[in-house]
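Enquirer: Sharing a structure, written as structure tokens. Questions coming.
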Amino acid sequence: MKIIYKIAKAELQSLFFSPIAWLILILYTFQTGIDFAGLLDSVMKNREMGYGATNATSRFFGGWEGVLTVVQGYLYLYIPLLTMNLMSRELGSGSIKLLYSSPVTNVQIILGKYLSMVVYALVLIGILLLYVIIGAFIIKDFDYSLVFTGLLGIYLLICAYAAIGLLMSSLTSYQVVAAVGTLAVLSLLTYVQSWWQDVDFVRDLTYWLAIPGRSQEFLFGMISSANVIYFFLVIALFLAMAIIRLQSRRQKSRWTVTWGKYLGVWAFVLLLGYVTSRPAFKSYYDATETDQNTLTPNSQKIIGQMNGKLKMTTYVNLLDKFFWVGLPARVNEDMKFFEQYLRFKPDMEMDYVYYYDTPSVPAYHEEGDLTMEEQAKKMMKINDLNPKLFLTPEQIKAKIDLSGEYNRVVRELEYNDKKTFLRLFDDNMIFPTEAEISAALKRLVMDLPKVGFLQGHGERVVDNVGERSYSMFTHANNFRYALINQGFDFVEITLEKNIPEDIDILVVADLKEALSEQEQQYFDEYVAHGGNLVIIGEPRRQEVMNPLVASMGVRFMPGCLVHPTQEYDADLILVKPTKEAQKLNYWFNQLHSYGYGIAMPNATGLEYTEDKGFDVMPLLISPETGSWNELETVDFVDDKAILNIEAGEVEQSYPTALALSRKIGDKEQKILILGDADCVSNGELLKTRPGINAFNYYLIAGGFYWLSDEEVPIDTRRPMSSDNEVFIGERGASVLSTLFVWILPCSLLLLALFIWLRRRGR
């Protein structure tokens, strides 16, 4: 070890007596200073505009734009310049012969040279520590573990780059060639993950070998054993190759022996890397304060209930617009998307089935009358895909019927003979979030609420895409927030007989025809037995709807609620959650916290008494001023609604949503009553209006979360980080910017000149 230390010391002395090391250090400091100053300026501007500083630690040091993230992006430019002369200088000057003639082994030479780079890397990390110290003073509840995890990732990345540079320097006596060669190898390690991705075993090896993203996980506060082992293996691989190269120069041997050693090292490293990257051998440490990289407790609880094998099969339709999601070249990326689940369920099996069939939204667009088979062949040719991978429409239908999923790209989860679908969505995110994934998994381990939609009396339908339909509310496969994607099952029912016992929630929406005497009896029996209900009324339906709620002490008021504005029809009102609703569950509380309301076009007010045995809670109320129950005007497009006190119209707040509950035996019965049927329709859920801050899905989510006893939708909230304030003013920010952008780099420049002049004087 003493010899290794001596070689490292000599190399460091030579390094710091040369201008290149100081130049890199000064440029590095200047660049990081500019980055840090830019973040300070951004925080100051956001504060002036009234924005807070949520996740301040991550914003300054991690995430997508922190100092460490930016540093990671340009290290590949600096390290090759540092390492290019480690061995090239010895080879070019002939001093390597002195090393060969001395009692120093090849291992000692390489490790000594490499140790000098490891120490220099600590100097670079030391510069970053200066920013960390400042951050600890100016950021409230500074997240030390997150930052030090990020620093570890940067340090390992530098060490890996240095090992690659050392190898390239040992291959040539030309320093520039060594630097360019290092850049070339780094480029290969960047693009290797896209090579031979259609061959299963080779795909895993090339994907493991790729370096992009390895340190990024550290910057987000996640330490994975696979990433740590990767860096150590890559470092060992290139150092071993450098030692073999030095040995082949020092002791002439046959090329077959030398290349055999190279291949042996590569085989050992790849095998070890492949094994340690398998989910069963991985371990994790989430260094973030709020466990941002870990499944929430509710999701972990669901996974913990799975004792058997979980299988996920992705059915990829080549002609669907999302065909790219499951292509062979993206399999590893796709599997990484589920890594949080693989962490807790490492035996989860992921399979891919490829086929072509008529899609709902095609990926292939070309004028002409190409048959489906011709389109599929063209897509295979365009994307360079093996035709043998794909099943024909007849073959896929013999395997599984995907017509109910409109032949879209979809995943099927299977556990203990139970199956459910996990879908992609037509929004900006496309992929399911933790809420949708965990909801699908929960359906496999327990019986979730079944929602029955009453039909046969002109109710809102649930099987078409019209604006007034409830298909978005129930089973729209492309709508993320549809009940079926949040854990509910649904079925259409009639009142020709008693309501089935497996119905947990009955939805009665906008009846146009009154129930018959027998149907009313079946309905009353369901209510009497404690069945949960959602009853949705509408103006001009009061006569039909009131018999349903009379026994509950509720009445749909005559007329229509209005709130006249210049921009919109008078019958469009924005109702807000009550204080009681905010306490009911977090959905309604968030609705209030975010400043949202529920848009109700054409709503009826609700009257209620509490003498029927129910506890009644108003959930949504109309505005207190400028709003009244209009009893005269019917046409709000051509006519103008005018408050007429003499007609009994009163300007005040009116409830538009009620939550009723009572105890029946050991069960708590829950009933949700709404005064507007359009507010949860297809058209309204997707509609936006300038100046109207409405998020109607929160009404569905909050209401059914309450009705399902908080089982679904899955609560995947995470605690807010406490590092939400930066204690610095404009003057302080200006001083720090000057310090790091100018004073610190200039100080290093002066120190470099001092050492150079002193050495020259000697």
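Letters A, B, ... mark the chains of the structure tokens in the order given; residue numbers begin at 1 per chain; ligand numbers begin at 1, in order shown.
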Got a sec: who's within 8 Å of Glu519 (chain A), counting only C-alpha atoms, leaving out chain neighbours fewer than 6 positions off, as a list in words?
Expert: Leu495, Glu496 and Lys497 of chain A
Enquirer: Grab the residues selected above and save them as a short mmCIF file (atom, residue, chain, number, x, y, z; two decimals), in the first residue's frame with C-alpha atoms.
Expert:
data_model
loop_
_atom_site.label_atom_id
_atom_site.label_comp_id
_atom_site.auth_asym_id
_atom_site.auth_seq_id
_atom_site.Cartn_x
_atom_site.Cartn_y
_atom_site.Cartn_z
CA LEU A 495 -85.92 -2.89 -10.46
CA GLU A 496 -87.76 -5.82 -11.96
CA LYS A 497 -86.69 -7.71 -8.83
#
Enquirer: Please identify all polymer residues within 7 Å of region 598-604 of chain A, counting only C-alpha atoms, omitting same-chain residues fewer than 6 positions from it, and present them as a PyMOL selection string.
Expert: chain A and resi 538-539+556-557+559-561+571-576+656+675-676+678-679+694-696
Enquirer: Just to be explicit: take each residue in the selection above, keep N, CA and C atoms, and write the result as a compact mmCIF listing (two decimals), in the first residue's frame.
Expert:
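Result written to selection_19.txt:
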# COMPACT_ATOMS: atom_id res chain seq x y z
N GLU A 538 -82.26 16.78 -11.06
CA GLU A 538 -82.09 17.76 -12.13
C GLU A 538 -83.34 18.64 -12.15
N PRO A 539 -83.22 19.93 -12.43
CA PRO A 539 -84.42 20.76 -12.59
C PRO A 539 -85.38 20.13 -13.60
N PHE A 556 -86.08 17.92 -3.52
CA PHE A 556 -85.52 18.72 -4.61
C PHE A 556 -86.43 19.93 -4.80
N MET A 557 -85.87 21.10 -4.62
CA MET A 557 -86.67 22.32 -4.65
C MET A 557 -87.17 22.61 -6.06
N GLY A 559 -87.89 24.92 -9.35
CA GLY A 559 -87.09 25.98 -9.95
C GLY A 559 -85.68 25.55 -10.25
N CYS A 560 -84.81 26.54 -10.43
CA CYS A 560 -83.41 26.29 -10.80
C CYS A 560 -82.54 27.34 -10.16
N LEU A 561 -81.40 26.93 -9.61
CA LEU A 561 -80.47 27.88 -9.00
C LEU A 561 -79.77 28.68 -10.08
N ASP A 571 -77.74 30.07 -15.25
CA ASP A 571 -77.93 28.83 -14.50
C ASP A 571 -76.62 28.07 -14.28
N LEU A 572 -75.48 28.63 -14.69
CA LEU A 572 -74.18 28.04 -14.38
C LEU A 572 -73.70 28.60 -13.04
N ILE A 573 -73.56 27.74 -12.06
CA ILE A 573 -73.10 28.18 -10.74
C ILE A 573 -71.85 27.39 -10.35
N LEU A 574 -70.97 28.06 -9.64
CA LEU A 574 -69.77 27.42 -9.11
C LEU A 574 -69.98 27.24 -7.61
N VAL A 575 -70.22 26.02 -7.19
CA VAL A 575 -70.49 25.75 -5.78
C VAL A 575 -69.20 25.36 -5.09
N LYS A 576 -69.12 25.66 -3.80
CA LYS A 576 -67.90 25.42 -3.03
C LYS A 576 -68.19 24.44 -1.88
N THR A 656 -76.43 22.15 -2.67
CA THR A 656 -76.60 21.43 -3.93
C THR A 656 -76.10 19.99 -3.84
N GLY A 675 -77.92 17.81 -6.63
CA GLY A 675 -78.98 18.56 -7.28
C GLY A 675 -78.71 18.85 -8.74
N ASP A 676 -77.69 18.25 -9.32
CA ASP A 676 -77.39 18.47 -10.74
C ASP A 676 -76.82 17.19 -11.32
N ASP A 678 -75.73 16.99 -14.60
CA ASP A 678 -74.72 17.29 -15.62
C ASP A 678 -73.32 17.45 -15.03
N CYS A 679 -73.23 17.78 -13.74
CA CYS A 679 -71.91 18.11 -13.17
C CYS A 679 -70.98 16.90 -13.15
N ALA A 694 -62.90 25.05 -11.76
CA ALA A 694 -63.70 23.89 -11.36
C ALA A 694 -62.92 22.61 -11.60
N PHE A 695 -63.08 21.69 -10.68
CA PHE A 695 -62.50 20.36 -10.83
C PHE A 695 -63.54 19.36 -10.37
N ASN A 696 -64.46 19.02 -11.28
CA ASN A 696 -65.62 18.21 -10.92
C ASN A 696 -65.28 16.78 -10.54
Enquirer: Just the residues within 9 Å of Leu748 (chain A), please, counting only C-alpha atoms, with nothing from its chain fewer than 4 positions along; format it as a compact mmCIF listing (two decimals) with N, CA, C and O atoms, in the first residue's frame.
Expert:
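The result, written out as part_21.txt:
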# COMPACT_ATOMS: atom_id res chain seq x y z
N TRP A 22 -5.53 22.86 -12.55
CA TRP A 22 -6.04 24.12 -11.99
C TRP A 22 -7.07 24.75 -12.92
O TRP A 22 -8.08 25.32 -12.44
N LEU A 25 -10.30 22.95 -12.43
CA LEU A 25 -10.88 23.29 -11.13
C LEU A 25 -11.50 24.68 -11.15
O LEU A 25 -12.59 24.89 -10.59
N ILE A 26 -10.83 25.63 -11.78
CA ILE A 26 -11.35 27.00 -11.84
C ILE A 26 -12.61 27.07 -12.70
O ILE A 26 -13.61 27.69 -12.32
N THR A 29 -15.48 25.42 -10.86
CA THR A 29 -15.99 26.28 -9.79
C THR A 29 -16.81 27.43 -10.36
O THR A 29 -17.88 27.77 -9.83
N ILE A 743 -15.38 35.55 -6.74
CA ILE A 743 -14.34 35.55 -5.71
C ILE A 743 -13.68 34.19 -5.58
O ILE A 743 -12.44 34.07 -5.56
N LEU A 744 -14.48 33.12 -5.49
CA LEU A 744 -13.91 31.79 -5.31
C LEU A 744 -13.07 31.35 -6.51
O LEU A 744 -11.93 30.90 -6.34
N ALA A 752 -3.23 29.11 -7.84
CA ALA A 752 -2.52 28.40 -8.89
C ALA A 752 -1.29 29.18 -9.35
O ALA A 752 -0.21 28.61 -9.56
N LEU A 753 -1.43 30.50 -9.50
CA LEU A 753 -0.29 31.33 -9.91
C LEU A 753 0.80 31.33 -8.85
O LEU A 753 2.01 31.29 -9.17
Enquirer: Going by DSSP on the backbone, which residues of region 236-427 of chain A come out as strand (DSSP E or B)? List them as a ChimeraX atom specification.
Expert: /A:284-286,310-317,320,349-355,362,390-391,410-415,418-423
Enquirer: Counting only C-alpha atoms, give me one row per residue of region 160-233 of chain A with an atom at most 8 Å from an atom of region 284-302 of chain A, showing the shortest contact pair and its distance in Å to one decimal, sorted by chain then residue number, as JSON lines.
Expert:
{"residue": "A:Phe220", "atom": "CA", "partner": "A:Asn293", "partner_atom": "CA", "distance": 7.8}
{"residue": "A:Gly221", "atom": "CA", "partner": "A:Ala287", "partner_atom": "CA", "distance": 5.0}
{"residue": "A:Met222", "atom": "CA", "partner": "A:Asp286", "partner_atom": "CA", "distance": 4.7}
{"residue": "A:Ile223", "atom": "CA", "partner": "A:Tyr285", "partner_atom": "CA", "distance": 5.1}
{"residue": "A:Ser224", "atom": "CA", "partner": "A:Tyr284", "partner_atom": "CA", "distance": 4.6}
{"residue": "A:Ser225", "atom": "CA", "partner": "A:Tyr284", "partner_atom": "CA", "distance": 6.3}
Enquirer: Go through A:Arg717, A:His457, A:Lys450, A:Arg731 and flag the residue nearest Glu434 (chain A), using only C-alpha atoms for the distances.
Expert: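 Checking each candidate against Glu434 (chain A), we get A:Arg717 as the closest.
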Enquirer: Find, counting only C-alpha atoms, the residue in A:Phe238, A:Trp195, A:Tyr131, A:Phe323 that gets nearest to Gly165 (chain A).
Expert: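 Checking each of A:Phe238, A:Trp195, A:Tyr131, A:Phe323 against Gly165 (chain A), counting only C-alpha atoms, the winner is A:Phe238.
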Enquirer: Which is closer to Val451 (chain A) than all the others in A:Ile437, A:Val534, A:Val616, A:Leu515, using only C-alpha atoms?
Expert: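 Result for the nearest residue to Val451 (chain A): A:Val534.
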Enquirer: Let me make sure I understand: among A:Glu684, A:Glu513, A:Glu630, A:Asp639, which one has the smallest atom-to-atom distance to Asp569 (chain A) if we use only C-alpha atoms?
Expert: A:Asp639
Enquirer: Name the residues of region 32-169 of chain A that come out as helix (DSSP H, G or I) in a backbone DSSP run; write them as an MDAnalysis selection string.
Expert: chainID A and resid 32:48 56:61 67:83 88:93 96:101 106:138 144:169
Enquirer: So, with only C-alpha atoms as the atoms that count, which of A:Ser145, A:Gln518, A:Ser277, A:Asn498 lies closest to Phe218 (chain A)?
Expert: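 Of A:Ser145, A:Gln518, A:Ser277, A:Asn498, the one nearest Phe218 (chain A), counting only C-alpha atoms, is A:Ser145.
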Enquirer: Tell me which protein, DNA and RNA residues are within 9 Å of Lys512 (chain A), counting only C-alpha atoms, leaving out same-chain ones fewer than 6 positions away, and put them as a compact mmCIF listing (two decimals) with all heavy atoms, in the first residue's frame.
Expert:
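result-v4.txt, written as the output of this step:
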# COMPACT_ATOMS: atom_id res chain seq x y z
N HIS A 457 -85.70 3.82 -16.77
CA HIS A 457 -86.64 4.92 -16.53
C HIS A 457 -86.13 6.21 -17.17
O HIS A 457 -86.41 7.30 -16.68
CB HIS A 457 -86.86 5.13 -15.03
CG HIS A 457 -87.16 3.87 -14.29
ND1 HIS A 457 -86.17 3.06 -13.79
CD2 HIS A 457 -88.35 3.27 -13.99
CE1 HIS A 457 -86.72 2.02 -13.20
NE2 HIS A 457 -88.05 2.11 -13.31
N GLY A 458 -85.34 6.08 -18.23
CA GLY A 458 -84.79 7.26 -18.89
C GLY A 458 -83.59 7.83 -18.18
O GLY A 458 -83.22 8.99 -18.41
N GLU A 459 -82.95 7.03 -17.29
CA GLU A 459 -81.78 7.53 -16.55
C GLU A 459 -80.61 7.83 -17.49
O GLU A 459 -80.59 7.39 -18.64
CB GLU A 459 -81.33 6.50 -15.50
CG GLU A 459 -82.35 6.20 -14.43
CD GLU A 459 -83.24 5.03 -14.78
OE1 GLU A 459 -83.32 4.67 -15.98
OE2 GLU A 459 -83.86 4.48 -13.86
N ARG A 541 -87.21 17.69 -12.99
CA ARG A 541 -87.39 16.28 -12.66
C ARG A 541 -87.83 16.12 -11.20
O ARG A 541 -87.85 15.01 -10.68
CB ARG A 541 -86.09 15.50 -12.87
CG ARG A 541 -85.52 15.60 -14.27
CD ARG A 541 -86.13 14.57 -15.20
NE ARG A 541 -85.38 14.51 -16.43
CZ ARG A 541 -85.65 15.23 -17.52
NH1 ARG A 541 -86.70 16.06 -17.51
NH2 ARG A 541 -84.91 15.15 -18.60
N VAL A 544 -90.57 13.57 -10.30
CA VAL A 544 -90.19 12.17 -10.42
C VAL A 544 -89.19 11.76 -9.34
O VAL A 544 -89.25 10.64 -8.80
CB VAL A 544 -89.60 11.90 -11.82
CG1 VAL A 544 -89.11 10.46 -11.94
CG2 VAL A 544 -90.62 12.19 -12.89
N MET A 545 -88.29 12.67 -8.98
CA MET A 545 -87.19 12.34 -8.07
C MET A 545 -87.58 12.45 -6.60
O MET A 545 -87.04 11.73 -5.76
CB MET A 545 -85.99 13.25 -8.35
CG MET A 545 -85.39 13.12 -9.73
SD MET A 545 -84.68 11.47 -10.05
CE MET A 545 -83.40 11.39 -8.81
Enquirer: At what distance in Å, to one decimal, does CA of Pro577 (chain A) lie from CA of Ile642 (chain A)?
Expert: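 Distance between the two atoms: 26.2 Å.
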Enquirer: List the spatial neighbours of Met429 (chain A) as a ChimeraX atom specification - criterion: any atom at most 12 Å away, only C-alpha atoms, same-chain residues fewer than 5 positions off excluded.
Expert: /A:424,478-480
Enquirer: Take the residues just selected and output them with all heavy atoms as a PDB file, in the first residue's frame.
Expert:
ATOM      1  N   LEU A 424     -53.594   2.282 -20.230  1.00  0.00           N
ATOM      2  CA  LEU A 424     -52.957   3.549 -20.568  1.00  0.00           C
ATOM      3  C   LEU A 424     -54.064   4.571 -20.796  1.00  0.00           C
ATOM      4  O   LEU A 424     -55.210   4.207 -21.067  1.00  0.00           O
ATOM      5  CB  LEU A 424     -52.096   3.397 -21.821  1.00  0.00           C
ATOM      6  CG  LEU A 424     -51.002   2.325 -21.767  1.00  0.00           C
ATOM      7  CD1 LEU A 424     -50.298   2.237 -23.105  1.00  0.00           C
ATOM      8  CD2 LEU A 424     -50.005   2.609 -20.669  1.00  0.00           C
ATOM      9  N   ASN A 478     -60.157   5.190 -21.596  1.00  0.00           N
ATOM     10  CA  ASN A 478     -59.113   6.189 -21.822  1.00  0.00           C
ATOM     11  C   ASN A 478     -59.149   7.309 -20.798  1.00  0.00           C
ATOM     12  O   ASN A 478     -58.387   8.260 -20.902  1.00  0.00           O
ATOM     13  CB  ASN A 478     -59.247   6.784 -23.230  1.00  0.00           C
ATOM     14  CG  ASN A 478     -60.587   7.477 -23.428  1.00  0.00           C
ATOM     15  OD1 ASN A 478     -61.517   7.287 -22.650  1.00  0.00           O
ATOM     16  ND2 ASN A 478     -60.682   8.286 -24.465  1.00  0.00           N
ATOM     17  N   PHE A 479     -60.045   7.217 -19.804  1.00  0.00           N
ATOM     18  CA  PHE A 479     -60.177   8.276 -18.804  1.00  0.00           C
ATOM     19  C   PHE A 479     -59.596   7.783 -17.479  1.00  0.00           C
ATOM     20  O   PHE A 479     -60.107   6.844 -16.868  1.00  0.00           O
ATOM     21  CB  PHE A 479     -61.646   8.658 -18.640  1.00  0.00           C
ATOM     22  CG  PHE A 479     -61.870   9.822 -17.715  1.00  0.00           C
ATOM     23  CD1 PHE A 479     -61.181  11.009 -17.899  1.00  0.00           C
ATOM     24  CD2 PHE A 479     -62.770   9.735 -16.669  1.00  0.00           C
ATOM     25  CE1 PHE A 479     -61.390  12.089 -17.052  1.00  0.00           C
ATOM     26  CE2 PHE A 479     -62.988  10.804 -15.816  1.00  0.00           C
ATOM     27  CZ  PHE A 479     -62.293  11.985 -16.011  1.00  0.00           C
ATOM     28  N   ARG A 480     -58.523   8.409 -17.058  1.00  0.00           N
ATOM     29  CA  ARG A 480     -57.787   7.974 -15.874  1.00  0.00           C
ATOM     30  C   ARG A 480     -58.677   7.887 -14.631  1.00  0.00           C
ATOM     31  O   ARG A 480     -58.550   6.970 -13.817  1.00  0.00           O
ATOM     32  CB  ARG A 480     -56.634   8.955 -15.624  1.00  0.00           C
ATOM     33  CG  ARG A 480     -55.772   8.640 -14.415  1.00  0.00           C
ATOM     34  CD  ARG A 480     -54.689   9.684 -14.282  1.00  0.00           C
ATOM     35  NE  ARG A 480     -53.883   9.753 -15.483  1.00  0.00           N
ATOM     36  CZ  ARG A 480     -52.856   8.965 -15.748  1.00  0.00           C
ATOM     37  NH1 ARG A 480     -52.513   8.037 -14.882  1.00  0.00           N
ATOM     38  NH2 ARG A 480     -52.182   9.086 -16.872  1.00  0.00           N
TER      39      ARG A 480
END
Enquirer: Could you give me, as a short mmCIF file (atom, residue, chain, number, x, y, z; two decimals) with all heavy atoms, in the first residue's frame, the residues within 12 Å of Phe425 (chain A), counting only C-alpha atoms and dropping anything in the same chain fewer than 3 positions from it?
Expert:
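Written out: result29.cif:
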data_model
loop_
_atom_site.label_atom_id
_atom_site.label_comp_id
_atom_site.auth_asym_id
_atom_site.auth_seq_id
_atom_site.Cartn_x
_atom_site.Cartn_y
_atom_site.Cartn_z
N LYS A 321 -52.12 3.37 -31.28
CA LYS A 321 -51.23 4.54 -31.23
C LYS A 321 -50.19 4.44 -30.11
O LYS A 321 -49.16 5.12 -30.16
CB LYS A 321 -52.06 5.81 -31.06
CG LYS A 321 -52.74 5.97 -29.70
CD LYS A 321 -53.39 7.34 -29.60
CE LYS A 321 -54.05 7.56 -28.25
NZ LYS A 321 -54.61 8.92 -28.13
N PHE A 322 -50.43 3.59 -29.10
CA PHE A 322 -49.48 3.43 -28.01
C PHE A 322 -48.62 2.17 -28.19
O PHE A 322 -48.08 1.65 -27.22
CB PHE A 322 -50.20 3.37 -26.67
CG PHE A 322 -50.81 4.67 -26.24
CD1 PHE A 322 -52.09 4.72 -25.72
CD2 PHE A 322 -50.11 5.86 -26.36
CE1 PHE A 322 -52.67 5.91 -25.32
CE2 PHE A 322 -50.67 7.07 -25.97
CZ PHE A 322 -51.95 7.10 -25.45
N GLU A 405 -61.66 -3.93 -24.51
CA GLU A 405 -60.64 -2.89 -24.31
C GLU A 405 -60.34 -2.16 -25.61
O GLU A 405 -59.35 -1.43 -25.69
CB GLU A 405 -59.36 -3.51 -23.75
CG GLU A 405 -59.52 -4.15 -22.39
CD GLU A 405 -59.90 -3.15 -21.32
OE1 GLU A 405 -59.33 -2.05 -21.31
OE2 GLU A 405 -60.78 -3.46 -20.49
N ARG A 408 -56.84 -1.80 -27.53
CA ARG A 408 -55.78 -0.86 -27.16
C ARG A 408 -54.64 -1.62 -26.49
O ARG A 408 -54.80 -2.76 -26.05
CB ARG A 408 -56.33 0.20 -26.19
CG ARG A 408 -57.35 1.13 -26.81
CD ARG A 408 -58.08 1.91 -25.74
NE ARG A 408 -57.18 2.75 -24.97
CZ ARG A 408 -56.90 4.02 -25.24
NH1 ARG A 408 -57.47 4.59 -26.29
NH2 ARG A 408 -56.09 4.72 -24.50
N VAL A 409 -53.49 -0.99 -26.40
CA VAL A 409 -52.40 -1.54 -25.61
C VAL A 409 -52.85 -1.56 -24.16
O VAL A 409 -53.23 -0.53 -23.60
CB VAL A 409 -51.11 -0.71 -25.77
CG1 VAL A 409 -50.03 -1.22 -24.82
CG2 VAL A 409 -50.61 -0.77 -27.20
N VAL A 410 -52.83 -2.73 -23.55
CA VAL A 410 -53.36 -2.87 -22.20
C VAL A 410 -52.57 -3.94 -21.46
O VAL A 410 -51.96 -4.83 -22.08
CB VAL A 410 -54.87 -3.23 -22.25
CG1 VAL A 410 -55.07 -4.64 -22.79
CG2 VAL A 410 -55.53 -3.07 -20.89
N LEU A 422 -55.04 -3.18 -16.44
CA LEU A 422 -54.38 -1.92 -16.11
C LEU A 422 -54.15 -1.20 -17.42
O LEU A 422 -53.50 -1.72 -18.32
CB LEU A 422 -53.05 -2.18 -15.39
CG LEU A 422 -52.24 -0.96 -14.97
CD1 LEU A 422 -53.00 -0.13 -13.94
CD2 LEU A 422 -50.89 -1.39 -14.38
N ASN A 428 -51.81 13.69 -20.76
CA ASN A 428 -50.39 14.03 -20.91
C ASN A 428 -49.47 13.01 -20.25
O ASN A 428 -48.32 12.84 -20.66
CB ASN A 428 -50.12 15.42 -20.31
CG ASN A 428 -50.78 16.52 -21.12
OD1 ASN A 428 -50.99 16.36 -22.32
ND2 ASN A 428 -51.11 17.62 -20.49
N MET A 429 -49.95 12.34 -19.22
CA MET A 429 -49.10 11.37 -18.50
C MET A 429 -49.07 10.01 -19.20
O MET A 429 -48.07 9.30 -19.11
CB MET A 429 -49.58 11.22 -17.06
CG MET A 429 -49.34 12.44 -16.21
SD MET A 429 -49.71 12.15 -14.45
CE MET A 429 -51.50 12.03 -14.49
N ILE A 430 -50.14 9.62 -19.82
CA ILE A 430 -50.30 8.34 -20.53
C ILE A 430 -50.26 7.15 -19.57
O ILE A 430 -51.19 6.35 -19.51
CB ILE A 430 -49.24 8.14 -21.64
CG1 ILE A 430 -49.35 9.24 -22.70
CG2 ILE A 430 -49.36 6.77 -22.27
CD1 ILE A 430 -48.28 9.16 -23.77
N PHE A 431 -49.18 7.00 -18.82
CA PHE A 431 -49.00 5.83 -17.98
C PHE A 431 -49.81 5.95 -16.68
O PHE A 431 -50.05 7.03 -16.18
CB PHE A 431 -47.52 5.64 -17.64
CG PHE A 431 -46.67 5.35 -18.85
CD1 PHE A 431 -45.94 6.36 -19.46
CD2 PHE A 431 -46.62 4.07 -19.37
CE1 PHE A 431 -45.17 6.09 -20.57
CE2 PHE A 431 -45.84 3.79 -20.48
CZ PHE A 431 -45.12 4.80 -21.08
N PRO A 432 -50.21 4.81 -16.13
CA PRO A 432 -50.94 4.85 -14.85
C PRO A 432 -50.03 5.32 -13.72
O PRO A 432 -48.83 5.04 -13.72
CB PRO A 432 -51.37 3.39 -14.66
CG PRO A 432 -50.38 2.59 -15.44
CD PRO A 432 -50.02 3.44 -16.63
N THR A 433 -50.61 6.02 -12.78
CA THR A 433 -49.88 6.45 -11.59
C THR A 433 -50.02 5.39 -10.51
O THR A 433 -50.69 4.37 -10.69
CB THR A 433 -50.40 7.79 -11.08
OG1 THR A 433 -51.76 7.62 -10.65
CG2 THR A 433 -50.36 8.86 -12.17
N GLU A 436 -53.69 4.32 -9.77
CA GLU A 436 -54.34 3.37 -10.67
C GLU A 436 -53.73 1.97 -10.55
O GLU A 436 -54.45 0.97 -10.58
CB GLU A 436 -54.26 3.84 -12.12
CG GLU A 436 -55.10 5.04 -12.45
CD GLU A 436 -54.46 6.35 -12.03
OE1 GLU A 436 -53.30 6.58 -12.40
OE2 GLU A 436 -55.13 7.13 -11.31
N ALA A 476 -65.00 4.43 -19.02
CA ALA A 476 -64.22 4.94 -20.16
C ALA A 476 -62.78 4.50 -20.00
O ALA A 476 -62.09 4.92 -19.08
CB ALA A 476 -64.31 6.46 -20.22
N ASN A 477 -62.31 3.64 -20.90
CA ASN A 477 -60.97 3.08 -20.75
C ASN A 477 -59.87 4.11 -20.91
O ASN A 477 -58.76 3.92 -20.45
CB ASN A 477 -60.78 1.96 -21.79
CG ASN A 477 -61.67 0.78 -21.51
OD1 ASN A 477 -62.04 0.54 -20.37
ND2 ASN A 477 -62.03 0.06 -22.54
N ASN A 478 -60.16 5.19 -21.60
CA ASN A 478 -59.11 6.19 -21.82
C ASN A 478 -59.15 7.31 -20.80
O ASN A 478 -58.39 8.26 -20.90
CB ASN A 478 -59.25 6.78 -23.23
CG ASN A 478 -60.59 7.48 -23.43
OD1 ASN A 478 -61.52 7.29 -22.65
ND2 ASN A 478 -60.68 8.29 -24.46
N PHE A 479 -60.05 7.22 -19.80
CA PHE A 479 -60.18 8.28 -18.80
C PHE A 479 -59.60 7.78 -17.48
O PHE A 479 -60.11 6.84 -16.87
CB PHE A 479 -61.65 8.66 -18.64
CG PHE A 479 -61.87 9.82 -17.72
CD1 PHE A 479 -61.18 11.01 -17.90
CD2 PHE A 479 -62.77 9.73 -16.67
CE1 PHE A 479 -61.39 12.09 -17.05
CE2 PHE A 479 -62.99 10.80 -15.82
CZ PHE A 479 -62.29 11.98 -16.01
N ARG A 480 -58.52 8.41 -17.06
CA ARG A 480 -57.79 7.97 -15.87
C ARG A 480 -58.68 7.89 -14.63
O ARG A 480 -58.55 6.97 -13.82
CB ARG A 480 -56.63 8.95 -15.62
CG ARG A 480 -55.77 8.64 -14.41
CD ARG A 480 -54.69 9.68 -14.28
NE ARG A 480 -53.88 9.75 -15.48
CZ ARG A 480 -52.86 8.96 -15.75
NH1 ARG A 480 -52.51 8.04 -14.88
NH2 ARG A 480 -52.18 9.09 -16.87
N TYR A 481 -59.59 8.86 -14.49
CA TYR A 481 -60.35 8.96 -13.24
C TYR A 481 -61.68 8.22 -13.27
O TYR A 481 -62.49 8.37 -12.36
CB TYR A 481 -60.60 10.44 -12.92
CG TYR A 481 -59.32 11.23 -12.80
CD1 TYR A 481 -59.02 12.25 -13.70
CD2 TYR A 481 -58.38 10.93 -11.82
CE1 TYR A 481 -57.83 12.96 -13.60
CE2 TYR A 481 -57.20 11.62 -11.71
CZ TYR A 481 -56.93 12.65 -12.61
OH TYR A 481 -55.75 13.34 -12.51
N ALA A 482 -61.92 7.43 -14.32
CA ALA A 482 -63.13 6.62 -14.34
C ALA A 482 -63.12 5.67 -13.14
O ALA A 482 -62.07 5.19 -12.71
CB ALA A 482 -63.21 5.83 -15.64
N ASN A 485 -61.15 2.48 -13.23
CA ASN A 485 -59.70 2.62 -13.14
C ASN A 485 -59.24 3.00 -11.74
O ASN A 485 -58.04 3.05 -11.48
CB ASN A 485 -59.20 3.67 -14.14
CG ASN A 485 -59.40 3.23 -15.57
OD1 ASN A 485 -59.25 2.06 -15.89
ND2 ASN A 485 -59.77 4.16 -16.45
#
